[in-house]
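What follows is a set of notes on a single structure, which appears directly below.
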Amino acid sequence: MKCPFCGYDDSKVLDTRPTDEGYTIRRRRECLKCQKRFTTYEKIEQSPVMVIKKDGNRQAFDRDKIVRGMIKSCEKRPVSADEIEEAVNNIEKKIENSMRREITSLEIGEMVMDELKDLDEVSYVRFASVYREFKDLQSFVDELENFVKKKN
Ligand SMILES: [Zn+2]
């Protein structure tokens, strides 16, 4: 933690106390170089990201669920467990970087499809067909055509 006065990056803690019902820790510090005092706040990482499902219910983000969904789509396809892990890591990172506390299951589904697109076309189509719940054959064909168009 850099001193706001001189930029020196070492200080001693004079006093520590919880505020905000214990979610924030307030520390009174003294710069080891210029001896000026300043205050820092430490925030506890909040509860996990919540996923808003189609029916409006919320559920804690569950990485394993995404892994399972992808494994199912990649069954008997040349996609390794490592590739699936990496894809899910990418998705997690995207969500983290967005700094959002809530995300819809639809958005997660889109992210999974993005990853599968690059990994394996058959797995992608399998996942899309389950996920988008195609009402009829035509909408499924439309999706496929879109996919092929985008690729070319
Ligand atoms: Zn200082």
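Here's how to read the names in the structure tokens: chain A, B, ... by the order shown, residue numbers from 1 in each chain, ligand numbers from 1 in the order shown.
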Problem set entry | Residue neighbourhood Glu30 of chain A, 7 Å, only C-alpha atoms, exclusion window fewer than 5 positions, as a VMD selection string | chain A and resid 11 to 14 35 to 38
Store the residues picked out above in a file with N, CA, C and O atoms, as a PDB file, in the first residue's frame.
```pdb
ATOM      1  N   SER A  11       4.411   0.828   5.238  1.00  0.00           N
ATOM      2  CA  SER A  11       3.825   1.614   6.315  1.00  0.00           C
ATOM      3  C   SER A  11       3.550   0.683   7.480  1.00  0.00           C
ATOM      4  O   SER A  11       3.505  -0.535   7.317  1.00  0.00           O
ATOM      5  N   LYS A  12       3.395   1.264   8.653  1.00  0.00           N
ATOM      6  CA  LYS A  12       3.017   0.404   9.780  1.00  0.00           C
ATOM      7  C   LYS A  12       1.563   0.669  10.150  1.00  0.00           C
ATOM      8  O   LYS A  12       1.052   1.787   9.975  1.00  0.00           O
ATOM      9  N   VAL A  13       0.923  -0.390  10.634  1.00  0.00           N
ATOM     10  CA  VAL A  13      -0.479  -0.274  10.993  1.00  0.00           C
ATOM     11  C   VAL A  13      -0.579   0.181  12.441  1.00  0.00           C
ATOM     12  O   VAL A  13      -0.014  -0.423  13.345  1.00  0.00           O
ATOM     13  N   LEU A  14      -1.302   1.278  12.630  1.00  0.00           N
ATOM     14  CA  LEU A  14      -1.453   1.807  13.984  1.00  0.00           C
ATOM     15  C   LEU A  14      -2.709   1.271  14.646  1.00  0.00           C
ATOM     16  O   LEU A  14      -2.755   1.076  15.852  1.00  0.00           O
ATOM     17  N   GLN A  35       6.309   9.562   7.683  1.00  0.00           N
ATOM     18  CA  GLN A  35       5.574   9.530   8.959  1.00  0.00           C
ATOM     19  C   GLN A  35       4.169  10.146   8.932  1.00  0.00           C
ATOM     20  O   GLN A  35       3.561  10.341   9.965  1.00  0.00           O
ATOM     21  N   LYS A  36       3.697  10.452   7.736  1.00  0.00           N
ATOM     22  CA  LYS A  36       2.324  10.956   7.670  1.00  0.00           C
ATOM     23  C   LYS A  36       1.352   9.783   7.834  1.00  0.00           C
ATOM     24  O   LYS A  36       1.688   8.643   7.544  1.00  0.00           O
ATOM     25  N   ARG A  37       0.158  10.114   8.279  1.00  0.00           N
ATOM     26  CA  ARG A  37      -0.820   9.059   8.538  1.00  0.00           C
ATOM     27  C   ARG A  37      -1.921   9.041   7.486  1.00  0.00           C
ATOM     28  O   ARG A  37      -2.325  10.087   6.989  1.00  0.00           O
ATOM     29  N   PHE A  38      -2.368   7.851   7.172  1.00  0.00           N
ATOM     30  CA  PHE A  38      -3.483   7.715   6.231  1.00  0.00           C
ATOM     31  C   PHE A  38      -4.290   6.468   6.569  1.00  0.00           C
ATOM     32  O   PHE A  38      -3.883   5.657   7.398  1.00  0.00           O
TER      33      PHE A  38
END
```
Check which residues fall inside 9 Å of ligand 1 when counting only C-alpha atoms and all ligand atoms, and print them as an mmCIF file with all heavy atoms, in the first residue's frame.
```
data_model
loop_
_atom_site.group_PDB
_atom_site.id
_atom_site.type_symbol
_atom_site.label_atom_id
_atom_site.label_comp_id
_atom_site.auth_asym_id
_atom_site.auth_seq_id
_atom_site.Cartn_x
_atom_site.Cartn_y
_atom_site.Cartn_z
ATOM 1 N N LYS A 2 0.847 2.000 -1.088
ATOM 2 C CA LYS A 2 1.706 3.182 -1.228
ATOM 3 C C LYS A 2 1.212 4.358 -0.385
ATOM 4 O O LYS A 2 0.013 4.626 -0.314
ATOM 5 C CB LYS A 2 1.734 3.616 -2.700
ATOM 6 C CG LYS A 2 2.808 2.954 -3.524
ATOM 7 C CD LYS A 2 2.898 3.673 -4.868
ATOM 8 C CE LYS A 2 4.142 3.357 -5.646
ATOM 9 N NZ LYS A 2 4.494 1.977 -5.849
ATOM 10 N N CYS A 3 2.125 5.070 0.209
ATOM 11 C CA CYS A 3 1.786 6.281 0.958
ATOM 12 C C CYS A 3 1.236 7.319 -0.025
ATOM 13 O O CYS A 3 1.864 7.609 -1.038
ATOM 14 C CB CYS A 3 3.028 6.824 1.656
ATOM 15 S SG CYS A 3 2.823 8.507 2.273
ATOM 16 N N PRO A 4 0.055 7.893 0.256
ATOM 17 C CA PRO A 4 -0.538 8.876 -0.666
ATOM 18 C C PRO A 4 0.231 10.205 -0.667
ATOM 19 O O PRO A 4 0.021 11.024 -1.556
ATOM 20 C CB PRO A 4 -1.957 9.061 -0.143
ATOM 21 C CG PRO A 4 -1.899 8.649 1.285
ATOM 22 C CD PRO A 4 -0.798 7.633 1.417
ATOM 23 N N PHE A 5 1.102 10.394 0.285
ATOM 24 C CA PHE A 5 1.843 11.663 0.368
ATOM 25 C C PHE A 5 3.168 11.614 -0.363
ATOM 26 O O PHE A 5 3.498 12.506 -1.124
ATOM 27 C CB PHE A 5 2.049 12.054 1.831
ATOM 28 C CG PHE A 5 0.767 12.167 2.606
ATOM 29 C CD1 PHE A 5 0.347 11.131 3.428
ATOM 30 C CD2 PHE A 5 -0.034 13.281 2.469
ATOM 31 C CE1 PHE A 5 -0.853 11.229 4.124
ATOM 32 C CE2 PHE A 5 -1.243 13.401 3.158
ATOM 33 C CZ PHE A 5 -1.652 12.356 3.988
ATOM 34 N N CYS A 6 3.940 10.543 -0.119
ATOM 35 C CA CYS A 6 5.275 10.491 -0.727
ATOM 36 C C CYS A 6 5.466 9.289 -1.654
ATOM 37 O O CYS A 6 6.482 9.171 -2.323
ATOM 38 C CB CYS A 6 6.342 10.480 0.364
ATOM 39 S SG CYS A 6 6.420 8.920 1.272
ATOM 40 N N GLY A 7 4.506 8.379 -1.681
ATOM 41 C CA GLY A 7 4.600 7.253 -2.610
ATOM 42 C C GLY A 7 5.414 6.078 -2.092
ATOM 43 O O GLY A 7 5.538 5.055 -2.756
ATOM 44 N N TYR A 8 5.946 6.201 -0.911
ATOM 45 C CA TYR A 8 6.729 5.109 -0.317
ATOM 46 C C TYR A 8 5.809 3.897 -0.073
ATOM 47 O O TYR A 8 4.651 4.067 0.292
ATOM 48 C CB TYR A 8 7.335 5.586 1.009
ATOM 49 C CG TYR A 8 8.390 4.656 1.564
ATOM 50 C CD1 TYR A 8 9.600 4.464 0.911
ATOM 51 C CD2 TYR A 8 8.154 3.964 2.755
ATOM 52 C CE1 TYR A 8 10.566 3.613 1.418
ATOM 53 C CE2 TYR A 8 9.114 3.108 3.273
ATOM 54 C CZ TYR A 8 10.316 2.931 2.594
ATOM 55 O OH TYR A 8 11.255 2.081 3.101
ATOM 56 N N ASP A 9 6.341 2.663 -0.306
ATOM 57 C CA ASP A 9 5.375 1.565 -0.240
ATOM 58 C C ASP A 9 5.456 0.685 1.015
ATOM 59 O O ASP A 9 5.055 -0.459 0.997
ATOM 60 C CB ASP A 9 5.390 0.727 -1.523
ATOM 61 C CG ASP A 9 6.773 0.265 -1.904
ATOM 62 O OD1 ASP A 9 7.647 0.235 -1.007
ATOM 63 O OD2 ASP A 9 6.996 -0.026 -3.072
ATOM 64 N N ASP A 10 5.920 1.257 2.094
ATOM 65 C CA ASP A 10 5.850 0.511 3.345
ATOM 66 C C ASP A 10 5.308 1.402 4.455
ATOM 67 O O ASP A 10 5.694 2.560 4.587
ATOM 68 C CB ASP A 10 7.229 -0.036 3.706
ATOM 69 C CG ASP A 10 7.124 -1.337 4.501
ATOM 70 O OD1 ASP A 10 5.988 -1.726 4.855
ATOM 71 O OD2 ASP A 10 8.162 -1.937 4.782
ATOM 72 N N SER A 11 4.411 0.828 5.238
ATOM 73 C CA SER A 11 3.825 1.614 6.315
ATOM 74 C C SER A 11 3.550 0.683 7.480
ATOM 75 O O SER A 11 3.505 -0.535 7.317
ATOM 76 C CB SER A 11 2.523 2.261 5.852
ATOM 77 O OG SER A 11 1.626 1.268 5.390
ATOM 78 N N GLU A 30 0.777 4.482 9.201
ATOM 79 C CA GLU A 30 1.765 5.564 9.234
ATOM 80 C C GLU A 30 2.898 5.211 8.283
ATOM 81 O O GLU A 30 3.474 4.136 8.350
ATOM 82 C CB GLU A 30 2.305 5.747 10.650
ATOM 83 C CG GLU A 30 3.161 6.990 10.808
ATOM 84 C CD GLU A 30 3.725 7.101 12.224
ATOM 85 O OE1 GLU A 30 4.800 6.536 12.474
ATOM 86 O OE2 GLU A 30 3.063 7.734 13.071
ATOM 87 N N CYS A 31 3.196 6.149 7.401
ATOM 88 C CA CYS A 31 4.255 5.924 6.421
ATOM 89 C C CYS A 31 5.605 5.809 7.127
ATOM 90 O O CYS A 31 5.925 6.603 8.004
ATOM 91 C CB CYS A 31 4.269 7.088 5.432
ATOM 92 S SG CYS A 31 5.651 7.002 4.285
ATOM 93 N N LEU A 32 6.388 4.818 6.723
ATOM 94 C CA LEU A 32 7.684 4.607 7.363
ATOM 95 C C LEU A 32 8.716 5.638 6.921
ATOM 96 O O LEU A 32 9.763 5.777 7.531
ATOM 97 C CB LEU A 32 8.202 3.198 7.065
ATOM 98 C CG LEU A 32 7.426 2.042 7.714
ATOM 99 C CD1 LEU A 32 8.072 0.712 7.375
ATOM 100 C CD2 LEU A 32 7.341 2.221 9.228
ATOM 101 N N LYS A 33 8.400 6.346 5.833
ATOM 102 C CA LYS A 33 9.367 7.307 5.330
ATOM 103 C C LYS A 33 9.039 8.729 5.799
ATOM 104 O O LYS A 33 9.854 9.371 6.449
ATOM 105 C CB LYS A 33 9.397 7.254 3.806
ATOM 106 C CG LYS A 33 10.630 7.899 3.210
ATOM 107 C CD LYS A 33 10.632 7.713 1.707
ATOM 108 C CE LYS A 33 11.719 8.567 1.080
ATOM 109 N NZ LYS A 33 11.428 8.749 -0.351
ATOM 110 N N CYS A 34 7.815 9.197 5.496
ATOM 111 C CA CYS A 34 7.485 10.592 5.832
ATOM 112 C C CYS A 34 6.677 10.720 7.135
ATOM 113 O O CYS A 34 6.391 11.824 7.577
ATOM 114 C CB CYS A 34 6.748 11.272 4.675
ATOM 115 S SG CYS A 34 5.059 10.710 4.432
ATOM 116 N N GLN A 35 6.309 9.562 7.683
ATOM 117 C CA GLN A 35 5.574 9.530 8.959
ATOM 118 C C GLN A 35 4.169 10.146 8.932
ATOM 119 O O GLN A 35 3.561 10.341 9.965
ATOM 120 C CB GLN A 35 6.384 10.194 10.098
ATOM 121 C CG GLN A 35 7.299 9.237 10.838
ATOM 122 C CD GLN A 35 8.642 9.118 10.150
ATOM 123 O OE1 GLN A 35 9.288 10.114 9.853
ATOM 124 N NE2 GLN A 35 9.058 7.892 9.884
ATOM 125 N N LYS A 36 3.697 10.452 7.736
ATOM 126 C CA LYS A 36 2.324 10.956 7.670
ATOM 127 C C LYS A 36 1.352 9.783 7.834
ATOM 128 O O LYS A 36 1.688 8.643 7.544
ATOM 129 C CB LYS A 36 2.084 11.672 6.343
ATOM 130 C CG LYS A 36 2.729 13.047 6.324
ATOM 131 C CD LYS A 36 2.221 13.876 5.166
ATOM 132 C CE LYS A 36 2.773 15.284 5.268
ATOM 133 N NZ LYS A 36 3.576 15.653 4.101
ATOM 134 N N ARG A 37 0.158 10.114 8.279
ATOM 135 C CA ARG A 37 -0.820 9.059 8.538
ATOM 136 C C ARG A 37 -1.921 9.041 7.486
ATOM 137 O O ARG A 37 -2.325 10.087 6.989
ATOM 138 C CB ARG A 37 -1.425 9.249 9.930
ATOM 139 C CG ARG A 37 -0.377 8.962 10.981
ATOM 140 C CD ARG A 37 -0.898 9.161 12.365
ATOM 141 N NE ARG A 37 0.176 8.812 13.304
ATOM 142 C CZ ARG A 37 0.021 8.729 14.609
ATOM 143 N NH1 ARG A 37 -1.153 8.951 15.151
ATOM 144 N NH2 ARG A 37 1.038 8.410 15.377
#
```
For this session: Determine which residues of segment 6-114 of chain A DSSP labels as strand (DSSP E) from the backbone of this structure, then write them out as a ChimeraX atom specification.
Result: /A:11-19,24-31,37-43,50-52,58-60,102-104
How about saving the chosen residues, C-alpha atoms kept, as an mmCIF file, in the first residue's frame?
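The file below, result26.cif, is the result:
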```
data_model
loop_
_atom_site.group_PDB
_atom_site.id
_atom_site.type_symbol
_atom_site.label_atom_id
_atom_site.label_comp_id
_atom_site.auth_asym_id
_atom_site.auth_seq_id
_atom_site.Cartn_x
_atom_site.Cartn_y
_atom_site.Cartn_z
ATOM 1 C CA SER A 11 3.825 1.614 6.315
ATOM 2 C CA LYS A 12 3.017 0.404 9.780
ATOM 3 C CA VAL A 13 -0.479 -0.274 10.993
ATOM 4 C CA LEU A 14 -1.453 1.807 13.984
ATOM 5 C CA ASP A 15 -5.008 0.689 14.389
ATOM 6 C CA THR A 16 -7.345 -1.870 12.824
ATOM 7 C CA ARG A 17 -11.078 -1.907 13.223
ATOM 8 C CA PRO A 18 -13.987 -3.445 11.411
ATOM 9 C CA THR A 19 -16.630 -1.161 9.948
ATOM 10 C CA THR A 24 -14.812 -3.721 5.700
ATOM 11 C CA ILE A 25 -11.638 -3.423 7.747
ATOM 12 C CA ARG A 26 -10.356 0.068 8.343
ATOM 13 C CA ARG A 27 -6.653 0.449 9.011
ATOM 14 C CA ARG A 28 -4.911 3.534 10.233
ATOM 15 C CA ARG A 29 -1.369 3.536 8.865
ATOM 16 C CA GLU A 30 1.765 5.564 9.234
ATOM 17 C CA CYS A 31 4.255 5.924 6.421
ATOM 18 C CA ARG A 37 -0.820 9.059 8.538
ATOM 19 C CA PHE A 38 -3.483 7.715 6.231
ATOM 20 C CA THR A 39 -6.363 5.265 6.251
ATOM 21 C CA THR A 40 -6.944 2.212 4.108
ATOM 22 C CA TYR A 41 -10.023 0.061 3.740
ATOM 23 C CA GLU A 42 -9.952 -3.629 3.097
ATOM 24 C CA LYS A 43 -13.066 -5.171 1.671
ATOM 25 C CA MET A 50 -25.273 -15.346 -8.730
ATOM 26 C CA VAL A 51 -26.770 -16.869 -11.816
ATOM 27 C CA ILE A 52 -30.269 -15.780 -12.790
ATOM 28 C CA ARG A 58 -31.071 -17.274 -8.524
ATOM 29 C CA GLN A 59 -28.390 -19.821 -7.896
ATOM 30 C CA ALA A 60 -24.747 -19.493 -6.900
ATOM 31 C CA GLU A 102 -25.140 -11.394 -11.266
ATOM 32 C CA ILE A 103 -25.259 -12.994 -14.648
ATOM 33 C CA THR A 104 -28.040 -14.749 -16.516
#
```
For this session: Write down as number ranges by chain the residues belonging to segment 84-152 of chain A that are assigned alpha helix (DSSP H) by DSSP computed on the backbone.
Result: A: 84-98, 105-119, 121-131, 137-151
